[in-house]
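Asks: For reference, the file query31.cif (mmCIF, C-alpha atoms) is included below:
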data_upload
#
loop_
_atom_site.label_atom_id
_atom_site.label_comp_id
_atom_site.auth_asym_id
_atom_site.auth_seq_id
_atom_site.Cartn_x
_atom_site.Cartn_y
_atom_site.Cartn_z
CA MET F 1 0.00 0.00 0.00
CA LEU F 2 1.26 3.45 -0.88
CA GLY F 3 2.60 5.09 2.27
CA LYS F 4 0.87 8.43 1.67
CA GLU F 5 -2.48 6.67 1.31
CA PHE F 6 -2.01 4.79 4.57
CA GLN F 7 -1.04 8.02 6.31
CA LYS F 8 -4.42 9.52 5.37
CA TYR F 9 -6.20 6.37 6.54
CA PHE F 10 -4.23 6.33 9.82
CA ILE F 11 -5.18 9.91 10.65
CA GLN F 12 -8.79 9.38 9.58
CA VAL F 13 -9.18 6.41 11.95
CA LEU F 14 -7.72 8.31 14.91
CA THR F 15 -9.35 11.72 14.51
CA PRO F 16 -12.60 10.75 16.29
CA ILE F 17 -10.43 10.09 19.38
CA TYR F 18 -7.55 12.53 18.97
CA ASP F 19 -7.25 15.83 17.14
CA VAL F 20 -5.53 15.90 13.74
CA VAL F 21 -2.29 17.34 15.08
CA GLU F 22 -1.96 14.59 17.69
CA ALA F 23 -2.83 11.86 15.19
CA GLU F 24 -0.19 13.21 12.78
CA HIS F 25 2.29 13.34 15.64
CA PHE F 26 1.68 9.65 16.36
CA PHE F 27 2.24 8.77 12.70
CA PHE F 28 5.58 10.54 12.59
CA LEU F 29 6.72 9.13 15.95
CA ILE F 30 6.18 5.62 14.59
CA LEU F 31 7.86 6.55 11.32
CA GLU F 32 10.93 7.85 13.10
CA HIS F 33 11.05 4.93 15.55
CA ASP F 34 10.54 2.13 13.00
CA TYR F 35 12.12 3.66 9.90
CA GLN F 36 14.47 6.39 11.26
CA MET F 37 12.64 8.73 8.92
CA ARG F 38 11.95 12.39 9.71
CA ARG F 39 9.09 14.49 8.39
CA ILE F 40 11.29 16.02 5.71
CA ASP F 41 12.44 12.55 4.61
CA TRP F 42 8.84 11.37 4.43
CA ALA F 43 7.82 14.40 2.37
CA LEU F 44 10.39 13.39 -0.24
CA GLN F 45 9.26 9.73 -0.28
CA THR F 46 6.32 10.20 -2.65
CA ASP F 47 6.24 6.55 -3.78
CA PHE F 48 7.12 4.79 -0.50
CA ILE F 49 5.29 1.44 -0.21
CA PHE F 50 4.36 -0.42 3.00
CA ASP F 51 4.60 -4.18 2.42
CA ALA F 52 2.32 -6.75 4.08
CA SER F 53 4.45 -7.22 7.20
CA GLN F 54 4.84 -3.46 7.65
CA LEU F 55 1.10 -2.96 7.26
CA GLU F 56 0.49 -5.63 9.91
CA ARG F 57 2.66 -3.67 12.32
CA TRP F 58 0.99 -0.35 11.43
CA ASN F 59 -2.51 -1.80 11.83
CA PHE F 60 -1.61 -3.29 15.22
CA LEU F 61 -0.37 0.09 16.43
CA LEU F 62 -3.42 1.78 14.98
CA GLN F 63 -5.75 -0.61 16.80
CA GLU F 64 -3.92 -0.05 20.11
CA LEU F 65 -3.95 3.72 19.68
CA SER F 66 -7.68 3.53 18.92
CA GLN F 67 -8.07 1.96 22.37
CA GLU F 68 -6.02 4.87 23.80
CA VAL F 69 -2.96 2.84 24.72
CA PRO F 70 -0.19 5.46 25.11
CA ILE F 71 2.13 5.51 22.13
CA GLN F 72 5.13 5.71 24.44
CA TYR F 73 4.28 2.26 25.81
CA LEU F 74 3.70 0.90 22.31
CA LEU F 75 7.11 2.12 21.13
CA GLY F 76 8.73 1.32 24.48
CA GLN F 77 10.41 4.68 24.79
CA THR F 78 9.98 8.43 24.99
CA GLU F 79 12.11 11.56 25.03
CA PHE F 80 12.67 13.66 28.13
CA TYR F 81 14.86 16.75 28.25
CA GLY F 82 16.59 15.65 25.05
CA LEU F 83 17.39 12.16 26.38
CA THR F 84 15.86 8.80 25.46
CA PHE F 85 14.05 6.84 28.18
CA GLN F 86 12.58 3.37 28.01
CA VAL F 87 9.08 3.11 29.46
CA THR F 88 6.65 0.31 30.22
CA PRO F 89 3.29 0.29 32.03
CA ASP F 90 5.30 -0.19 35.24
CA VAL F 91 6.23 3.50 35.19
CA LEU F 92 4.56 6.80 34.47
CA ILE F 93 5.34 8.42 31.15
CA PRO F 94 7.59 11.46 31.74
CA ARG F 95 5.80 14.73 31.06
CA PRO F 96 6.79 18.22 29.87
CA GLU F 97 5.87 19.75 33.24
CA THR F 98 8.52 17.59 34.88
CA GLU F 99 11.07 18.85 32.36
CA GLU F 100 10.33 22.33 33.71
CA LEU F 101 11.02 21.10 37.24
CA VAL F 102 14.35 19.63 36.11
CA GLU F 103 15.24 22.91 34.38
CA TRP F 104 14.58 24.77 37.62
CA ILE F 105 16.75 22.38 39.64
CA LEU F 106 19.59 22.66 37.13
CA SER F 107 19.48 26.45 37.26
CA GLU F 108 19.72 26.39 41.07
CA ALA F 109 22.34 23.64 41.24
CA GLN F 110 24.95 25.00 38.84
CA HIS F 111 26.74 27.03 41.52
CA LEU F 112 26.63 24.37 44.27
CA GLN F 113 29.68 22.36 45.25
CA ASN F 114 29.92 18.72 46.43
CA LEU F 115 26.40 18.07 45.23
CA LYS F 116 24.40 15.19 46.65
CA ILE F 117 20.93 14.77 45.16
CA LEU F 118 18.11 12.39 46.06
CA ASP F 119 14.99 11.77 43.95
CA ILE F 120 12.12 10.14 45.83
CA GLY F 121 9.57 8.14 43.81
CA THR F 122 11.79 7.95 40.76
CA GLY F 123 9.63 5.85 38.39
CA SER F 124 11.38 5.77 35.00
CA GLY F 125 14.35 7.61 36.49
CA CYS F 126 13.82 10.61 34.25
CA ILE F 127 14.64 13.15 36.98
CA PRO F 128 17.83 11.67 38.50
CA VAL F 129 19.20 10.44 35.17
CA THR F 130 18.75 13.85 33.57
CA LEU F 131 20.26 15.61 36.58
CA ALA F 132 23.22 13.21 36.58
CA LYS F 133 23.72 13.81 32.86
CA HIS F 134 23.85 17.57 33.26
CA LEU F 135 25.63 17.63 36.63
CA PRO F 136 28.36 15.05 36.06
CA LYS F 137 30.18 15.87 39.31
CA ALA F 138 27.08 15.31 41.44
CA GLU F 139 26.35 12.17 43.44
CA VAL F 140 22.79 11.13 42.63
CA TRP F 141 20.49 8.68 44.40
CA ALA F 142 16.97 7.58 43.48
CA LEU F 143 14.37 5.81 45.61
CA ASP F 144 11.20 3.94 44.71
CA VAL F 145 8.95 1.31 46.27
CA SER F 146 8.51 -0.56 42.97
CA GLU F 147 11.15 -3.12 41.98
CA ALA F 148 9.91 -3.05 38.37
CA ALA F 149 10.23 0.74 38.24
CA LEU F 150 13.76 0.60 39.63
CA GLN F 151 14.77 -1.97 37.03
CA MET F 152 13.50 0.36 34.32
CA ALA F 153 15.25 3.35 35.90
CA GLN F 154 18.50 1.39 36.05
CA LYS F 155 18.22 0.60 32.34
CA ASN F 156 17.68 4.28 31.62
CA ALA F 157 20.77 5.21 33.60
CA GLN F 158 22.75 2.73 31.51
CA ILE F 159 21.25 3.95 28.23
CA ASN F 160 22.19 7.53 29.08
CA GLN F 161 25.59 6.54 30.50
CA VAL F 162 25.24 8.04 33.96
CA SER F 163 25.81 6.78 37.47
CA VAL F 164 22.79 6.79 39.78
CA ALA F 165 22.46 4.75 42.98
CA PHE F 166 19.02 3.16 43.22
CA ILE F 167 17.27 2.24 46.47
CA GLN F 168 14.13 0.11 46.84
CA GLN F 169 12.22 1.57 49.77
CA ASP F 170 8.71 2.65 50.73
CA VAL F 171 9.12 6.29 51.67
CA LEU F 172 5.94 6.22 53.76
CA GLN F 173 7.54 3.56 55.98
CA THR F 174 10.94 5.27 56.10
CA GLU F 175 12.16 6.71 59.40
CA LYS F 176 15.41 8.17 58.12
CA LEU F 177 17.34 8.50 54.88
CA ASN F 178 20.75 7.01 54.20
CA ASP F 179 22.67 10.29 53.85
CA THR F 180 22.50 14.08 53.91
CA TYR F 181 21.76 15.90 50.66
CA ASN F 182 22.02 19.35 49.11
CA ILE F 183 18.92 18.73 47.01
CA ILE F 184 15.93 16.44 47.49
CA VAL F 185 13.33 16.30 44.74
CA SER F 186 10.10 14.39 44.36
CA ASN F 187 7.22 14.06 41.93
CA PRO F 188 5.07 11.85 44.17
CA PRO F 189 1.51 10.60 43.62
CA TYR F 190 -0.81 13.60 43.94
CA VAL F 191 -4.00 13.04 41.93
CA ARG F 192 -7.01 12.78 44.24
CA GLU F 193 -9.68 10.14 43.60
CA LEU F 194 -12.19 12.94 43.04
CA GLU F 195 -10.09 14.15 40.09
CA LYS F 196 -10.32 10.89 38.14
CA LEU F 197 -13.02 12.40 35.93
CA GLU F 198 -10.42 14.87 34.64
CA ILE F 199 -7.98 12.13 33.65
CA ARG F 200 -7.95 11.00 30.02
CA PRO F 201 -8.55 7.28 29.43
CA ASN F 202 -5.05 6.80 27.98
CA VAL F 203 -3.69 7.70 31.44
CA LEU F 204 -6.44 6.34 33.68
CA GLU F 205 -6.63 2.92 32.02
CA HIS F 206 -2.96 2.32 31.26
CA GLU F 207 -0.56 4.17 33.58
CA PRO F 208 0.22 2.78 37.07
CA HIS F 209 -2.29 3.96 39.67
CA LEU F 210 0.29 3.41 42.41
CA ALA F 211 2.24 6.36 41.01
CA LEU F 212 -0.81 8.55 40.36
CA PHE F 213 -3.49 8.54 43.02
CA VAL F 214 -3.86 9.52 46.67
CA PRO F 215 -6.91 9.43 48.96
CA ASP F 216 -9.21 12.46 48.92
CA ASP F 217 -8.93 12.77 52.70
CA ASP F 218 -5.11 12.70 52.81
CA ALA F 219 -3.96 14.09 49.48
CA LEU F 220 -0.68 15.50 50.85
CA LYS F 221 0.49 12.38 52.68
CA PHE F 222 3.55 11.92 50.46
CA TYR F 223 4.48 15.61 50.68
CA ARG F 224 4.21 15.57 54.46
CA LYS F 225 6.39 12.48 54.86
CA ILE F 226 8.99 13.54 52.29
CA ALA F 227 9.19 17.08 53.67
CA GLU F 228 9.69 15.77 57.21
CA LEU F 229 12.49 13.49 56.01
CA ALA F 230 13.99 16.28 53.93
CA PHE F 231 14.01 18.69 56.85
CA ASN F 232 16.16 16.22 58.78
CA HIS F 233 18.39 15.17 55.87
CA LEU F 234 19.06 18.35 53.90
CA THR F 235 22.20 20.36 54.52
CA PRO F 236 21.75 23.91 55.83
CA GLN F 237 20.32 25.96 52.95
CA GLY F 238 19.53 22.66 51.20
CA LEU F 239 16.79 22.72 48.60
CA LEU F 240 13.56 20.73 48.44
CA PHE F 241 11.75 20.60 45.10
CA PHE F 242 8.27 19.18 44.53
CA GLU F 243 6.01 18.74 41.54
CA ILE F 244 2.53 19.32 42.95
CA ASN F 245 -1.20 19.01 42.39
CA GLN F 246 -2.27 22.19 40.61
CA TYR F 247 -5.26 22.58 42.97
CA LEU F 248 -3.25 22.27 46.17
CA GLY F 249 -0.52 24.87 45.82
CA ALA F 250 -1.56 26.92 48.85
CA GLU F 251 -2.08 23.83 50.99
CA THR F 252 1.34 22.45 50.05
CA GLN F 253 3.01 25.76 50.85
CA GLN F 254 1.31 25.85 54.25
CA LEU F 255 2.44 22.29 54.99
CA LEU F 256 6.07 23.12 54.17
CA THR F 257 5.94 26.29 56.26
CA GLU F 258 4.58 24.38 59.26
CA ILE F 259 7.39 21.83 58.97
CA GLY F 260 9.93 24.66 59.07
CA PHE F 261 10.95 25.41 55.49
CA LYS F 262 11.60 29.01 54.44
CA ASN F 263 11.78 31.06 51.24
CA LEU F 264 9.12 29.06 49.44
CA GLU F 265 8.58 29.72 45.76
CA LEU F 266 5.59 28.42 43.80
CA ARG F 267 5.83 28.32 40.00
CA LYS F 268 3.33 27.66 37.24
CA ASP F 269 3.89 25.25 34.37
CA ILE F 270 3.65 25.97 30.66
CA TYR F 271 -0.12 25.52 30.87
CA GLY F 272 -0.50 28.18 33.57
CA ASN F 273 -1.15 25.73 36.42
CA ASP F 274 0.52 25.82 39.84
CA ARG F 275 2.94 22.92 39.42
CA MET F 276 6.30 23.31 41.22
CA ILE F 277 7.52 24.40 44.64
CA ARG F 278 11.01 25.05 45.88
CA ALA F 279 11.68 25.36 49.62
CA ILE F 280 14.90 26.05 51.54
CA ARG F 281 16.04 24.25 54.69
CA SER F 282 17.11 27.23 56.76
#
Please express the file's structure as structure tokens.
Replies:
Amino acid sequence: MLGKEFQKYFIQVLTPIYDVVEAEHFFFLILEHDYQMRRIDWALQTDFIFDASQLERWNFLLQELSQEVPIQYLLGQTEFYGLTFQVTPDVLIPRPETEELVEWILSEAQHLQNLKILDIGTGSGCIPVTLAKHLPKAEVWALDVSEAALQMAQKNAQINQVSVAFIQQDVLQTEKLNDTYNIIVSNPPYVRELEKLEIRPNVLEHEPHLALFVPDDDALKFYRKIAELAFNHLTPQGLLFFEINQYLGAETQQLLTEIGFKNLELRKDIYGNDRMIRAIRS
């Protein structure tokens, strides 16, 4: 089948579920992943033909996308801050908002010496691996309760040729950390059960709920525990960074203030939502 004809069919099948731009984006992600072909290359391939085996692969992916399976899981990888990360349904798919958090940390960390960094709830490892890549002199640790997530994070550290020490541990059951750090960062579960209606099916039905949801009546439980640990295990003037629930910015700030953190800064993400907090251990 002529490639250009299948492209039209592919987008036509997906547009009742996704908008045209997103459907086109999926097509070109697959094209680049399977054929190492960019948009400009495809534009020049006016007579490219998909053979039977290639069409079988395309139709499988099309069927899965029609059921809103995330394309990152289908391709087994995604890009984060210019780096390649493997992903499976054992880990959340890294998001652009988290790239903004990493950018903020990097901007604050450039002038610090003898850096020790801990990421709590690491998932795919996108935060510690990226920090280790851009701060090669830093010592970086990453903690998660999920063995499968840590295995994936370890692979991503190897793929991106960085050294990160991984720890399997349930932070909610942790009484003390293994060291003292200049920076502790976490993107913990923060979506309340009452917010499930806002979650798209591709996330709700396919990404790990363990890494997403918290009870409505204790939505800040991870923030409270991590902040308490951080207050005891950050160096003086050490930095605590959180990605947060956009609806709970004020509540998270109040929690951190009550624990003893100073100089809090709340930032919005690219979509205009309250998304990141930095606090200083004074």
Asks: The PyMOL selection byres ((chain F and resi 259) around 12) on the file shown: which residues, as a ChimeraX atom specification?
Replies: /F:223-232,252-258,260-262,279-282
Asks: Starting from the PyMOL selection byres ((chain F and resi 119) around 8), expand the selection into actual residues of this file and give them as a list in words.
Replies: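 For this structure, the PyMOL selection byres ((chain F and resi 119) around 8) captures Ile117, Leu118, Ile120, Gly121, Thr122, Ile127, Pro128, Val140, Trp141, Ala142, Leu143, Ile184, Val185 and Ser186 of chain F.
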Asks: Just write the chosen residues, C-alpha atoms, as a short mmCIF file (atom, residue, chain, number, x, y, z; two decimals), keeping the file's coordinate frame.
Replies:
data_model
loop_
_atom_site.label_atom_id
_atom_site.label_comp_id
_atom_site.auth_asym_id
_atom_site.auth_seq_id
_atom_site.Cartn_x
_atom_site.Cartn_y
_atom_site.Cartn_z
CA ILE F 117 20.93 14.77 45.16
CA LEU F 118 18.11 12.39 46.06
CA ILE F 120 12.12 10.14 45.83
CA GLY F 121 9.57 8.14 43.81
CA THR F 122 11.79 7.95 40.76
CA ILE F 127 14.64 13.15 36.98
CA PRO F 128 17.83 11.67 38.50
CA VAL F 140 22.79 11.13 42.63
CA TRP F 141 20.49 8.68 44.40
CA ALA F 142 16.97 7.58 43.48
CA LEU F 143 14.37 5.81 45.61
CA ILE F 184 15.93 16.44 47.49
CA VAL F 185 13.33 16.30 44.74
CA SER F 186 10.10 14.39 44.36
#
Asks: Between F:Val191, F:Leu264, F:Ala52, F:Val21, which has the minimum distance to Tyr247 in chain F (counting all atoms listed in the file)?
Replies: F:Val191
Asks: Within 9 Å of (21.3, 20.7, 40.4), in the coordinates the file gives, what residues turn up when you count all atoms listed in the file, written out as JSON, numbers by chain?
Replies: {"F": [102, 103, 104, 105, 106, 107, 108, 109, 110, 111, 112, 115, 116, 117, 131, 132, 134, 135, 138, 182, 183]}
Asks: What separation in Å, quoted to one decimal, exists between CA of Glu100 in chain F and CA of Pro215 in chain F?
Replies: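 Rounded to one decimal, the two atoms are 26.4 Å apart.
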Asks: Hey, could you pull the box centre and edge lengths for range 32-38 of chain F, axis-aligned, 5 Å padding per side, all listed atoms, to one decimal in Å, as JSON?
Replies:
{"center_x": 12.5, "center_y": 7.3, "center_z": 12.2, "size_x": 13.9, "size_y": 20.3, "size_z": 16.6}
Asks: Suppose you want the space between CA of Leu239 in chain F and CA of Arg278 in chain F; what is it in Å?
Replies: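 Distance between the two atoms: 6.8 Å.
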Asks: Could you give me, as a PDB file with C-alpha atoms, keeping the file's coordinate frame, the residues within 12 Å of range 201-210 of chain F, counting only C-alpha atoms and dropping anything in the same chain fewer than 6 positions from it?
Replies:
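Ended up saving to part21.pdb:
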ATOM      1  CA  ILE F  17     -10.430  10.090  19.380  1.00  0.00           C
ATOM      2  CA  TYR F  18      -7.550  12.530  18.970  1.00  0.00           C
ATOM      3  CA  GLU F  64      -3.920  -0.050  20.110  1.00  0.00           C
ATOM      4  CA  LEU F  65      -3.950   3.720  19.680  1.00  0.00           C
ATOM      5  CA  SER F  66      -7.680   3.530  18.920  1.00  0.00           C
ATOM      6  CA  GLN F  67      -8.070   1.960  22.370  1.00  0.00           C
ATOM      7  CA  GLU F  68      -6.020   4.870  23.800  1.00  0.00           C
ATOM      8  CA  VAL F  69      -2.960   2.840  24.720  1.00  0.00           C
ATOM      9  CA  PRO F  70      -0.190   5.460  25.110  1.00  0.00           C
ATOM     10  CA  ILE F  71       2.130   5.510  22.130  1.00  0.00           C
ATOM     11  CA  GLN F  72       5.130   5.710  24.440  1.00  0.00           C
ATOM     12  CA  TYR F  73       4.280   2.260  25.810  1.00  0.00           C
ATOM     13  CA  LEU F  74       3.700   0.900  22.310  1.00  0.00           C
ATOM     14  CA  VAL F  87       9.080   3.110  29.460  1.00  0.00           C
ATOM     15  CA  THR F  88       6.650   0.310  30.220  1.00  0.00           C
ATOM     16  CA  PRO F  89       3.290   0.290  32.030  1.00  0.00           C
ATOM     17  CA  ASP F  90       5.300  -0.190  35.240  1.00  0.00           C
ATOM     18  CA  VAL F  91       6.230   3.500  35.190  1.00  0.00           C
ATOM     19  CA  LEU F  92       4.560   6.800  34.470  1.00  0.00           C
ATOM     20  CA  ILE F  93       5.340   8.420  31.150  1.00  0.00           C
ATOM     21  CA  PRO F  94       7.590  11.460  31.740  1.00  0.00           C
ATOM     22  CA  ARG F  95       5.800  14.730  31.060  1.00  0.00           C
ATOM     23  CA  GLY F 121       9.570   8.140  43.810  1.00  0.00           C
ATOM     24  CA  GLY F 123       9.630   5.850  38.390  1.00  0.00           C
ATOM     25  CA  SER F 124      11.380   5.770  35.000  1.00  0.00           C
ATOM     26  CA  ASP F 144      11.200   3.940  44.710  1.00  0.00           C
ATOM     27  CA  VAL F 145       8.950   1.310  46.270  1.00  0.00           C
ATOM     28  CA  SER F 146       8.510  -0.560  42.970  1.00  0.00           C
ATOM     29  CA  ALA F 148       9.910  -3.050  38.370  1.00  0.00           C
ATOM     30  CA  ALA F 149      10.230   0.740  38.240  1.00  0.00           C
ATOM     31  CA  ASP F 170       8.710   2.650  50.730  1.00  0.00           C
ATOM     32  CA  PRO F 188       5.070  11.850  44.170  1.00  0.00           C
ATOM     33  CA  PRO F 189       1.510  10.600  43.620  1.00  0.00           C
ATOM     34  CA  TYR F 190      -0.810  13.600  43.940  1.00  0.00           C
ATOM     35  CA  VAL F 191      -4.000  13.040  41.930  1.00  0.00           C
ATOM     36  CA  ARG F 192      -7.010  12.780  44.240  1.00  0.00           C
ATOM     37  CA  GLU F 193      -9.680  10.140  43.600  1.00  0.00           C
ATOM     38  CA  GLU F 195     -10.090  14.150  40.090  1.00  0.00           C
TER      39      GLU F 195
END
Asks: Which of these, F:Val171, F:Ala23, F:Leu248, F:Met1, has the shortest distance to Asp47 in chain F once you count only C-alpha atoms?
Replies: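 Between F:Val171, F:Ala23, F:Leu248, F:Met1, the residue approaching Asp47 in chain F most closely is F:Met1.
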Asks: Using only C-alpha atoms for the distances, tell me which of F:Leu29, F:Met37, F:Ala219, F:Ile270 is nearest to Asn245 in chain F.
Replies: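 Among the listed residues, F:Ala219 lies closest to Asn245 in chain F.
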Asks: Kindly resolve the PyMOL selection byres ((chain F and resi 80) around 10) on the present coordinates and return the residues as a PDB file with C-alpha atoms, in the frame of the given file.
Replies:
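Wrote result14.pdb, looks like this:
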ATOM      1  CA  GLN F  77      10.410   4.680  24.790  1.00  0.00           C
ATOM      2  CA  THR F  78       9.980   8.430  24.990  1.00  0.00           C
ATOM      3  CA  GLU F  79      12.110  11.560  25.030  1.00  0.00           C
ATOM      4  CA  TYR F  81      14.860  16.750  28.250  1.00  0.00           C
ATOM      5  CA  GLY F  82      16.590  15.650  25.050  1.00  0.00           C
ATOM      6  CA  LEU F  83      17.390  12.160  26.380  1.00  0.00           C
ATOM      7  CA  THR F  84      15.860   8.800  25.460  1.00  0.00           C
ATOM      8  CA  PHE F  85      14.050   6.840  28.180  1.00  0.00           C
ATOM      9  CA  ILE F  93       5.340   8.420  31.150  1.00  0.00           C
ATOM     10  CA  PRO F  94       7.590  11.460  31.740  1.00  0.00           C
ATOM     11  CA  ARG F  95       5.800  14.730  31.060  1.00  0.00           C
ATOM     12  CA  PRO F  96       6.790  18.220  29.870  1.00  0.00           C
ATOM     13  CA  THR F  98       8.520  17.590  34.880  1.00  0.00           C
ATOM     14  CA  GLU F  99      11.070  18.850  32.360  1.00  0.00           C
ATOM     15  CA  CYS F 126      13.820  10.610  34.250  1.00  0.00           C
ATOM     16  CA  ILE F 127      14.640  13.150  36.980  1.00  0.00           C
ATOM     17  CA  THR F 130      18.750  13.850  33.570  1.00  0.00           C
TER      18      THR F 130
END
Asks: Of the residues F:Leu62, F:Gln237, F:Asp41, F:Gln54, which is the one nearest to Gln12 in chain F, using all atoms listed in the file?
Replies: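 Ranked by minimum distance to Gln12 in chain F, first place goes to F:Leu62.
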Asks: Rounded to one decimal place, report the CA of Asn178 in chain F-CA of Glu97 in chain F distance in Å.
Replies: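 These atoms are spaced 28.7 Å apart.
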Asks: Between F:Gln168, F:Asn59, F:Gln36, F:Asn114, which has the minimum distance to Val13 in chain F (counting all atoms listed in the file)?
Replies: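 For Val13 in chain F, the nearest of the candidates is F:Asn59.
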Asks: With C-alpha atoms as the atom set, please write range 59-133 of chain F from the structure just given, as a short mmCIF file (atom, residue, chain, number, x, y, z; two decimals), in the first residue's frame.
Replies:
data_model
loop_
_atom_site.label_atom_id
_atom_site.label_comp_id
_atom_site.auth_asym_id
_atom_site.auth_seq_id
_atom_site.Cartn_x
_atom_site.Cartn_y
_atom_site.Cartn_z
CA ASN F 59 -2.51 -1.80 11.83
CA PHE F 60 -1.61 -3.29 15.22
CA LEU F 61 -0.37 0.09 16.43
CA LEU F 62 -3.42 1.78 14.98
CA GLN F 63 -5.75 -0.61 16.80
CA GLU F 64 -3.92 -0.05 20.11
CA LEU F 65 -3.95 3.72 19.68
CA SER F 66 -7.68 3.53 18.92
CA GLN F 67 -8.07 1.96 22.37
CA GLU F 68 -6.02 4.87 23.80
CA VAL F 69 -2.96 2.84 24.72
CA PRO F 70 -0.19 5.46 25.11
CA ILE F 71 2.13 5.51 22.13
CA GLN F 72 5.13 5.71 24.44
CA TYR F 73 4.28 2.26 25.81
CA LEU F 74 3.70 0.90 22.31
CA LEU F 75 7.11 2.12 21.13
CA GLY F 76 8.73 1.32 24.48
CA GLN F 77 10.41 4.68 24.79
CA THR F 78 9.98 8.43 24.99
CA GLU F 79 12.11 11.56 25.03
CA PHE F 80 12.67 13.66 28.13
CA TYR F 81 14.86 16.75 28.25
CA GLY F 82 16.59 15.65 25.05
CA LEU F 83 17.39 12.16 26.38
CA THR F 84 15.86 8.80 25.46
CA PHE F 85 14.05 6.84 28.18
CA GLN F 86 12.58 3.37 28.01
CA VAL F 87 9.08 3.11 29.46
CA THR F 88 6.65 0.31 30.22
CA PRO F 89 3.29 0.29 32.03
CA ASP F 90 5.30 -0.19 35.24
CA VAL F 91 6.23 3.50 35.19
CA LEU F 92 4.56 6.80 34.47
CA ILE F 93 5.34 8.42 31.15
CA PRO F 94 7.59 11.46 31.74
CA ARG F 95 5.80 14.73 31.06
CA PRO F 96 6.79 18.22 29.87
CA GLU F 97 5.87 19.75 33.24
CA THR F 98 8.52 17.59 34.88
CA GLU F 99 11.07 18.85 32.36
CA GLU F 100 10.33 22.33 33.71
CA LEU F 101 11.02 21.10 37.24
CA VAL F 102 14.35 19.63 36.11
CA GLU F 103 15.24 22.91 34.38
CA TRP F 104 14.58 24.77 37.62
CA ILE F 105 16.75 22.38 39.64
CA LEU F 106 19.59 22.66 37.13
CA SER F 107 19.48 26.45 37.26
CA GLU F 108 19.72 26.39 41.07
CA ALA F 109 22.34 23.64 41.24
CA GLN F 110 24.95 25.00 38.84
CA HIS F 111 26.74 27.03 41.52
CA LEU F 112 26.63 24.37 44.27
CA GLN F 113 29.68 22.36 45.25
CA ASN F 114 29.92 18.72 46.43
CA LEU F 115 26.40 18.07 45.23
CA LYS F 116 24.40 15.19 46.65
CA ILE F 117 20.93 14.77 45.16
CA LEU F 118 18.11 12.39 46.06
CA ASP F 119 14.99 11.77 43.95
CA ILE F 120 12.12 10.14 45.83
CA GLY F 121 9.57 8.14 43.81
CA THR F 122 11.79 7.95 40.76
CA GLY F 123 9.63 5.85 38.39
CA SER F 124 11.38 5.77 35.00
CA GLY F 125 14.35 7.61 36.49
CA CYS F 126 13.82 10.61 34.25
CA ILE F 127 14.64 13.15 36.98
CA PRO F 128 17.83 11.67 38.50
CA VAL F 129 19.20 10.44 35.17
CA THR F 130 18.75 13.85 33.57
CA LEU F 131 20.26 15.61 36.58
CA ALA F 132 23.22 13.21 36.58
CA LYS F 133 23.72 13.81 32.86
#
